[in-house]
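Trainee: Below is the file work13.cif, with mmCIF, C-alpha atoms.
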data_input
#
loop_
_atom_site.label_atom_id
_atom_site.label_comp_id
_atom_site.auth_asym_id
_atom_site.auth_seq_id
_atom_site.Cartn_x
_atom_site.Cartn_y
_atom_site.Cartn_z
CA MET A 822 5.09 -27.44 -17.52
CA LEU A 823 1.26 -27.31 -17.39
CA THR A 824 0.00 -23.74 -17.38
CA GLY A 825 -3.78 -23.98 -16.98
CA LEU A 826 -6.80 -26.23 -16.55
CA SER A 827 -8.69 -26.09 -19.82
CA TRP A 828 -11.55 -28.43 -18.88
CA LEU A 829 -13.00 -30.89 -16.43
CA ALA A 830 -15.45 -33.40 -17.90
CA LEU A 831 -18.13 -35.17 -15.85
CA GLU A 832 -20.37 -38.06 -16.87
CA VAL A 833 -24.10 -37.38 -16.47
CA LYS A 834 -27.05 -39.70 -17.00
CA TYR A 835 -29.40 -37.03 -18.30
CA LEU A 836 -28.31 -33.71 -19.75
CA GLU A 837 -31.33 -31.60 -18.82
CA PRO A 838 -31.19 -32.02 -15.01
CA ALA A 839 -27.42 -31.46 -15.12
CA ARG A 840 -27.83 -28.34 -17.25
CA ALA A 841 -30.53 -26.97 -14.96
CA PHE A 842 -28.37 -27.49 -11.88
CA TYR A 843 -25.25 -25.84 -13.26
CA GLU A 844 -26.94 -23.10 -15.25
CA LYS A 845 -29.88 -22.22 -13.01
CA ARG A 846 -28.60 -23.10 -9.53
CA LEU A 847 -24.95 -22.18 -9.93
CA GLY A 848 -25.19 -19.53 -12.64
CA LEU A 849 -22.76 -20.99 -15.18
CA SER A 850 -23.09 -19.93 -18.80
CA VAL A 851 -23.64 -22.70 -21.34
CA ARG A 852 -21.67 -22.05 -24.53
CA GLU A 853 -22.16 -25.35 -26.40
CA ARG A 854 -25.04 -27.82 -26.54
CA GLY A 855 -25.12 -31.15 -28.34
CA ASP A 856 -27.08 -34.37 -28.27
CA ASP A 857 -24.66 -35.98 -25.82
CA GLU A 858 -22.67 -33.09 -24.35
CA ILE A 859 -23.03 -29.64 -22.82
CA VAL A 860 -20.12 -27.27 -22.25
CA ALA A 861 -20.46 -24.63 -19.53
CA THR A 862 -17.89 -22.03 -18.54
CA ALA A 863 -16.39 -21.52 -15.07
CA GLY A 864 -13.96 -18.63 -15.39
CA GLU A 865 -11.19 -19.74 -17.76
CA THR A 866 -12.12 -23.44 -17.43
CA ASP A 867 -14.83 -25.40 -19.22
CA LEU A 868 -17.08 -27.78 -17.33
CA VAL A 869 -18.11 -30.52 -19.76
CA LEU A 870 -21.25 -32.55 -18.99
CA ARG A 871 -21.24 -35.72 -21.07
CA ARG A 872 -23.61 -38.64 -21.51
CA PRO A 873 -21.83 -42.05 -21.50
CA SER A 874 -22.14 -42.63 -25.24
CA GLY A 875 -18.44 -42.84 -26.09
CA LEU A 876 -14.90 -42.43 -24.80
CA PRO A 877 -13.62 -40.66 -22.82
CA ARG A 878 -16.69 -40.83 -20.59
CA GLY A 879 -16.00 -38.13 -18.01
CA GLY A 880 -15.64 -38.49 -14.26
CA LEU A 881 -17.99 -40.34 -11.91
CA HIS A 882 -18.60 -39.23 -8.29
CA THR A 883 -15.93 -36.56 -8.73
CA HIS A 884 -15.21 -34.07 -5.96
CA TYR A 885 -14.03 -30.71 -7.28
CA ALA A 886 -14.11 -27.06 -6.21
CA PHE A 887 -15.37 -23.86 -7.80
CA ALA A 888 -13.75 -20.56 -6.82
CA ILE A 889 -16.00 -17.76 -5.57
CA PRO A 890 -15.05 -14.28 -4.28
CA ASP A 891 -14.65 -14.03 -0.51
CA ASP A 892 -17.46 -11.53 -0.06
CA GLU A 893 -20.03 -13.64 -1.96
CA TYR A 894 -19.81 -16.67 0.33
CA ASP A 895 -22.69 -15.79 2.67
CA ASP A 896 -25.00 -14.98 -0.25
CA TRP A 897 -24.21 -18.35 -1.87
CA TRP A 898 -24.87 -20.15 1.42
CA ASP A 899 -28.20 -18.40 1.96
CA ARG A 900 -29.37 -19.05 -1.58
CA LEU A 901 -28.29 -22.69 -1.90
CA SER A 902 -29.38 -23.70 1.60
CA GLU A 903 -32.99 -23.08 0.55
CA THR A 904 -32.90 -26.13 -1.75
CA HIS A 905 -29.88 -28.21 -0.66
CA ASP A 906 -28.48 -29.73 2.51
CA LEU A 907 -25.14 -27.97 2.70
CA GLU A 908 -22.02 -28.81 4.65
CA GLU A 909 -19.25 -26.38 5.53
CA ALA A 910 -15.52 -26.61 6.19
CA GLN A 911 -13.02 -24.00 7.35
CA PHE A 912 -9.48 -23.90 5.91
CA GLY A 913 -7.55 -21.25 7.79
CA PRO A 914 -9.30 -17.95 7.03
CA THR A 915 -11.38 -19.33 4.14
CA ARG A 916 -14.63 -21.28 4.08
CA SER A 917 -16.08 -23.78 1.65
CA LEU A 918 -19.59 -25.14 1.24
CA TYR A 919 -20.44 -28.55 -0.22
CA LEU A 920 -23.45 -29.90 -2.09
CA TYR A 921 -24.20 -32.64 -4.60
CA ASP A 922 -25.21 -32.32 -8.24
CA PRO A 923 -27.92 -34.56 -9.78
CA ASP A 924 -25.33 -37.22 -10.69
CA GLY A 925 -23.69 -37.50 -7.28
CA ASN A 926 -20.63 -35.32 -7.86
CA CYS A 927 -19.56 -33.43 -4.73
CA VAL A 928 -19.41 -29.76 -5.69
CA GLU A 929 -17.46 -27.39 -3.47
CA LEU A 930 -17.74 -23.60 -3.58
CA GLY A 931 -14.76 -22.09 -1.82
CA GLN A 932 -13.55 -18.60 -1.02
CA GLN A 933 -10.65 -17.66 -3.27
CA ALA A 934 -8.88 -14.50 -4.42
CA VAL A 935 -10.93 -14.21 -7.61
CA ALA A 936 -12.74 -11.25 -9.13
CA GLY A 937 -16.12 -12.82 -9.85
CA PRO A 938 -18.93 -12.04 -9.89
CA GLY A 939 -20.10 -15.59 -9.25
CA ILE A 940 -18.14 -18.72 -9.94
CA ASP A 941 -14.75 -17.80 -11.37
CA GLY A 942 -12.76 -20.94 -12.07
CA ILE A 943 -12.09 -24.46 -10.81
CA PHE A 944 -9.34 -24.53 -8.18
CA GLU A 945 -9.32 -28.19 -7.09
CA VAL A 946 -10.00 -31.64 -8.52
CA VAL A 947 -9.84 -34.95 -6.62
CA LEU A 948 -8.85 -38.19 -8.36
CA GLU A 949 -9.20 -41.69 -6.95
CA VAL A 950 -5.97 -43.67 -7.36
CA GLU A 951 -4.87 -47.20 -6.58
CA ALA A 952 -1.37 -46.37 -5.33
CA LEU A 953 -0.57 -42.95 -3.88
CA ASP A 954 3.18 -43.07 -4.46
CA ARG A 955 2.82 -44.11 -8.08
CA ALA A 956 0.23 -41.40 -8.79
CA ARG A 957 2.24 -38.73 -6.98
CA ASP A 958 5.40 -39.57 -8.93
CA PHE A 959 3.45 -39.35 -12.20
CA TYR A 960 2.04 -35.89 -11.50
CA GLU A 961 5.28 -34.56 -10.08
CA GLU A 962 6.88 -35.43 -13.44
CA LEU A 963 4.33 -33.06 -14.98
CA GLY A 964 5.39 -30.25 -12.67
CA PHE A 965 2.93 -30.60 -9.79
CA GLU A 966 4.43 -30.09 -6.32
CA THR A 967 3.38 -32.08 -3.26
CA VAL A 968 2.28 -29.70 -0.49
CA ASP A 969 0.44 -31.94 1.99
CA GLU A 970 -0.05 -35.58 2.90
CA GLY A 971 -2.86 -37.00 4.98
CA ASP A 972 -1.90 -38.35 8.39
CA ASP A 973 -3.50 -41.70 7.56
CA ARG A 974 -1.85 -41.89 4.12
CA THR A 975 -5.17 -41.89 2.27
CA ARG A 976 -4.52 -38.69 0.31
CA ILE A 977 -1.85 -36.42 -1.15
CA ARG A 978 -2.36 -32.79 -2.18
CA LEU A 979 -0.35 -31.24 -4.99
CA HIS A 980 -0.25 -27.74 -6.47
CA GLY A 981 0.05 -26.99 -10.17
CA PRO A 982 -2.32 -25.20 -12.56
CA MET A 983 -4.88 -25.99 -9.84
CA ALA A 984 -4.85 -28.04 -6.65
CA LEU A 985 -4.89 -31.76 -7.35
CA GLU A 986 -5.75 -34.24 -4.62
CA LEU A 987 -4.99 -37.92 -5.04
CA TRP A 988 -7.11 -40.17 -2.84
CA GLU A 989 -7.04 -43.83 -2.09
CA PRO A 990 -10.67 -45.03 -1.92
CA HIS A 991 -12.29 -43.41 1.12
CA LEU A 992 -14.95 -40.91 2.12
CA GLY A 993 -13.74 -37.37 2.68
CA LEU A 994 -15.44 -34.15 3.73
CA ALA A 995 -19.18 -34.20 3.04
CA ASP A 996 -18.79 -37.91 2.18
CA ALA A 997 -16.99 -36.93 -1.01
CA ARG A 998 -15.09 -39.52 -3.04
CA GLY A 999 -12.32 -39.18 -5.57
CA GLY A 1000 -13.44 -39.32 -9.17
CA VAL A 1001 -12.96 -42.33 -11.42
CA HIS A 1002 -12.18 -42.11 -15.18
CA VAL A 1003 -11.95 -38.30 -14.89
CA ASP A 1004 -11.21 -36.38 -18.10
CA LEU A 1005 -8.93 -33.34 -17.64
CA GLY A 1006 -7.59 -30.94 -20.26
CA PHE A 1007 -4.37 -29.05 -19.51
CA GLU A 1008 -2.91 -26.11 -21.40
CA THR A 1009 0.82 -26.23 -21.98
CA ASP A 1010 3.24 -24.47 -24.28
CA GLN A 1011 4.97 -27.82 -24.84
CA PRO A 1012 2.50 -30.70 -25.29
CA ARG A 1013 5.20 -33.02 -26.58
CA ALA A 1014 7.51 -32.26 -23.66
CA ALA A 1015 4.68 -33.12 -21.27
CA LEU A 1016 4.26 -36.45 -23.04
CA GLU A 1017 7.96 -37.25 -22.92
CA ALA A 1018 8.04 -36.53 -19.19
CA VAL A 1019 5.56 -39.35 -18.53
CA ARG A 1020 5.63 -41.55 -21.64
CA ASP A 1021 7.09 -44.50 -19.73
CA ARG A 1022 4.39 -44.20 -17.04
CA VAL A 1023 1.14 -43.80 -19.01
CA GLN A 1024 -1.27 -46.65 -19.70
CA THR A 1025 -1.78 -45.55 -23.31
CA VAL A 1026 -1.16 -42.69 -25.71
CA ASP A 1027 -4.54 -42.23 -27.41
CA ARG A 1028 -3.65 -39.29 -29.68
CA GLU A 1029 -0.42 -37.56 -30.57
CA THR A 1030 -0.20 -34.44 -32.73
CA ASP A 1031 1.89 -31.28 -32.51
CA ASP A 1032 -0.89 -29.37 -30.74
CA GLU A 1033 -2.78 -32.04 -28.78
CA ILE A 1034 -1.72 -35.19 -26.97
CA VAL A 1035 -4.14 -37.48 -25.12
CA VAL A 1036 -2.92 -40.06 -22.60
CA ARG A 1037 -4.31 -42.22 -19.82
CA ASP A 1038 -2.54 -41.93 -16.49
CA PRO A 1039 -1.64 -45.01 -14.40
CA ASP A 1040 -5.19 -45.09 -12.96
CA GLY A 1041 -7.00 -44.63 -16.26
CA HIS A 1042 -7.79 -40.92 -15.97
CA VAL A 1043 -7.71 -39.22 -19.38
CA LEU A 1044 -5.33 -36.26 -19.70
CA THR A 1045 -5.09 -33.99 -22.71
CA PHE A 1046 -2.03 -31.76 -23.16
CA LEU A 1047 -3.21 -28.91 -25.34
CA ALA A 1048 -1.37 -25.95 -26.85
CA PRO A 1049 -3.08 -22.63 -25.94
#
Hey, can you dump this file as C-alpha cells for me?
Mentor:
Amino acid sequence: MLTGLSWLALEVKYLEPARAFYEKRLGLSVRERGDDEIVATAGETDLVLRRPSGLPRGGLHTHYAFAIPDDEYDDWWDRLSETHDLEEAQFGPTRSLYLYDPDGNCVELGQQAVAGPGIDGIFEVVLEVEALDRARDFYEELGFETVDEGDDRTRIRLHGPMALELWEPHLGLADARGGVHVDLGFETDQPRAALEAVRDRVQTVDRETDDEIVVRDPDGHVLTFLAP
C-alpha cells in the first residue's frame, strides 16, 4: 500500500550545527533553507531538520539508518572516526557504523545494495511505542510485514517501503533509543485507501484531501500519506 519513504523529519535545537553535521560531515545536499527548517536529500528521501516552533515537531532521539554502498564502508569509517567515537555492528555479511548528531539522534550508516556515491537513501527508522502488539497491528494494516521479534519482546522489525522497528522504551545498539513524535511521509498511489485501513486506529486525522492525508498513529507519531 505504501510505496516509498518521502521524508523523515527530526527536531533540532539549532539549525546551523545540524546543517553543518549533515552537509559537511555526511555529504548530504541541502535543497531548501528556511528560518525554522532545512531540507536535505538522502537518495530519494528528504531529511527534514526542524526547529520546535510548530507542529508537527519532528522526532527526538530518533535512531535511523542511511544506506551506503558496500565498498564505501571502510572509507566512511576512516573519515568519521577522526572526529567521532564510532560503534560497529555486523548483520550477516553487512556492517553498520553508529554515531550521534548534534541533537542526540543515533545515525547509522549501513552497507546496502545501493549505487551511491555516498549516502543513498534511508533504509530503517526506529519508533518508540507504548504497546508492541498495538503498534504492530497498526503498521501491518498499512502493508508492513513483521520479519523479526526480539527475544525479550522489547522490539519488532517490519519490512515495507523501508525497515521499521518498533521499540518499547530501552537502549539498543550504541545506546540508541526509539524516536518520539517522529514525522514520516509515505508515498502511496492510494492515500485515501491508506487512511481507511487505519481510520479506526489513529489518534487523529489532522488533514484529509485527495492527494495528502495526515494522521497520528496510536503513539502520536505523525504520518503523511502522499500521492507521488
Trainee: To test your reading of the syntax: which residues would the PyMOL selection byres ((chain A and resi 882-895) around 9) return for the file shown? Reply as a VMD selection string.
Mentor: chain A and resid 831 to 832 863 to 864 880 to 881 896 to 900 915 to 919 924 to 949 997 to 1001 1003
Trainee: From (-9.6, -43.9, -0.5), in the file's coordinates, out to 9 Å: which residues are reached, counting all atoms listed in the file? Answer as a ChimeraX atom specification.
Mentor: /A:949-951,975-976,987-993,998-999
Trainee: Run the PyMOL selection byres ((chain A and resi 1034) around 9) against the file shown and list the residues it catches, as a compact mmCIF listing (two decimals) with C-alpha atoms, in the coordinates of the input.
Mentor:
# COMPACT_ATOMS: atom_id res chain seq x y z
CA PRO A 1012 2.50 -30.70 -25.29
CA ARG A 1013 5.20 -33.02 -26.58
CA ALA A 1015 4.68 -33.12 -21.27
CA LEU A 1016 4.26 -36.45 -23.04
CA VAL A 1026 -1.16 -42.69 -25.71
CA ASP A 1027 -4.54 -42.23 -27.41
CA ARG A 1028 -3.65 -39.29 -29.68
CA GLU A 1029 -0.42 -37.56 -30.57
CA THR A 1030 -0.20 -34.44 -32.73
CA ASP A 1031 1.89 -31.28 -32.51
CA ASP A 1032 -0.89 -29.37 -30.74
CA GLU A 1033 -2.78 -32.04 -28.78
CA VAL A 1035 -4.14 -37.48 -25.12
CA VAL A 1036 -2.92 -40.06 -22.60
CA LEU A 1044 -5.33 -36.26 -19.70
CA THR A 1045 -5.09 -33.99 -22.71
CA PHE A 1046 -2.03 -31.76 -23.16
CA LEU A 1047 -3.21 -28.91 -25.34
Trainee: Could you jot down the atom CA of Val1043 of chain A to atom CA of Gly848 of chain A separation for me, Å, one decimal place?
Mentor: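 Value for the atom CA of Val1043 of chain A-atom CA of Gly848 of chain A distance: 27.2 Å.
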Trainee: Which is closer to Thr1025 of chain A than all the others in A:Asp857, A:Glu962, A:Asp969, A:Asp1038, using only C-alpha atoms?
Mentor: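 Distance minimum relative to Thr1025 of chain A lands on A:Asp1038.
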Trainee: Might you pull out every residue within 7 Å of Leu868 of chain A, with all atoms listed in the file counted and same-chain residues fewer than 3 positions away left off, and present them as a PyMOL selection string?
Mentor: chain A and resi 828-830+860-863
Trainee: Using all atoms listed in the file, which residues sit within 6 Å of Ile859 of chain A once same-chain residues fewer than 5 positions away are excluded, as JSON, numbers by chain?
Mentor: {"A": [853, 854, 869, 870]}
Trainee: Given all atoms listed in the file as the basis, pick out the residue of A:Val833, A:Ala1018, A:Ile977, A:Leu1005 nearest to Leu963 of chain A.
Mentor: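 Smallest separation from Leu963 of chain A among the options: A:Ala1018.
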Trainee: State, in Å with one decimal place, the distance from atom CA of Met822 of chain A to atom CA of Asp954 of chain A.
Mentor: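 Atom-to-atom, atom CA of Met822 of chain A to atom CA of Asp954 of chain A, that is 20.5 Å.
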Trainee: So how many Å separate atom CA of Asp856 of chain A and atom CA of Arg840 of chain A, to one decimal?
Mentor: 12.6 Å
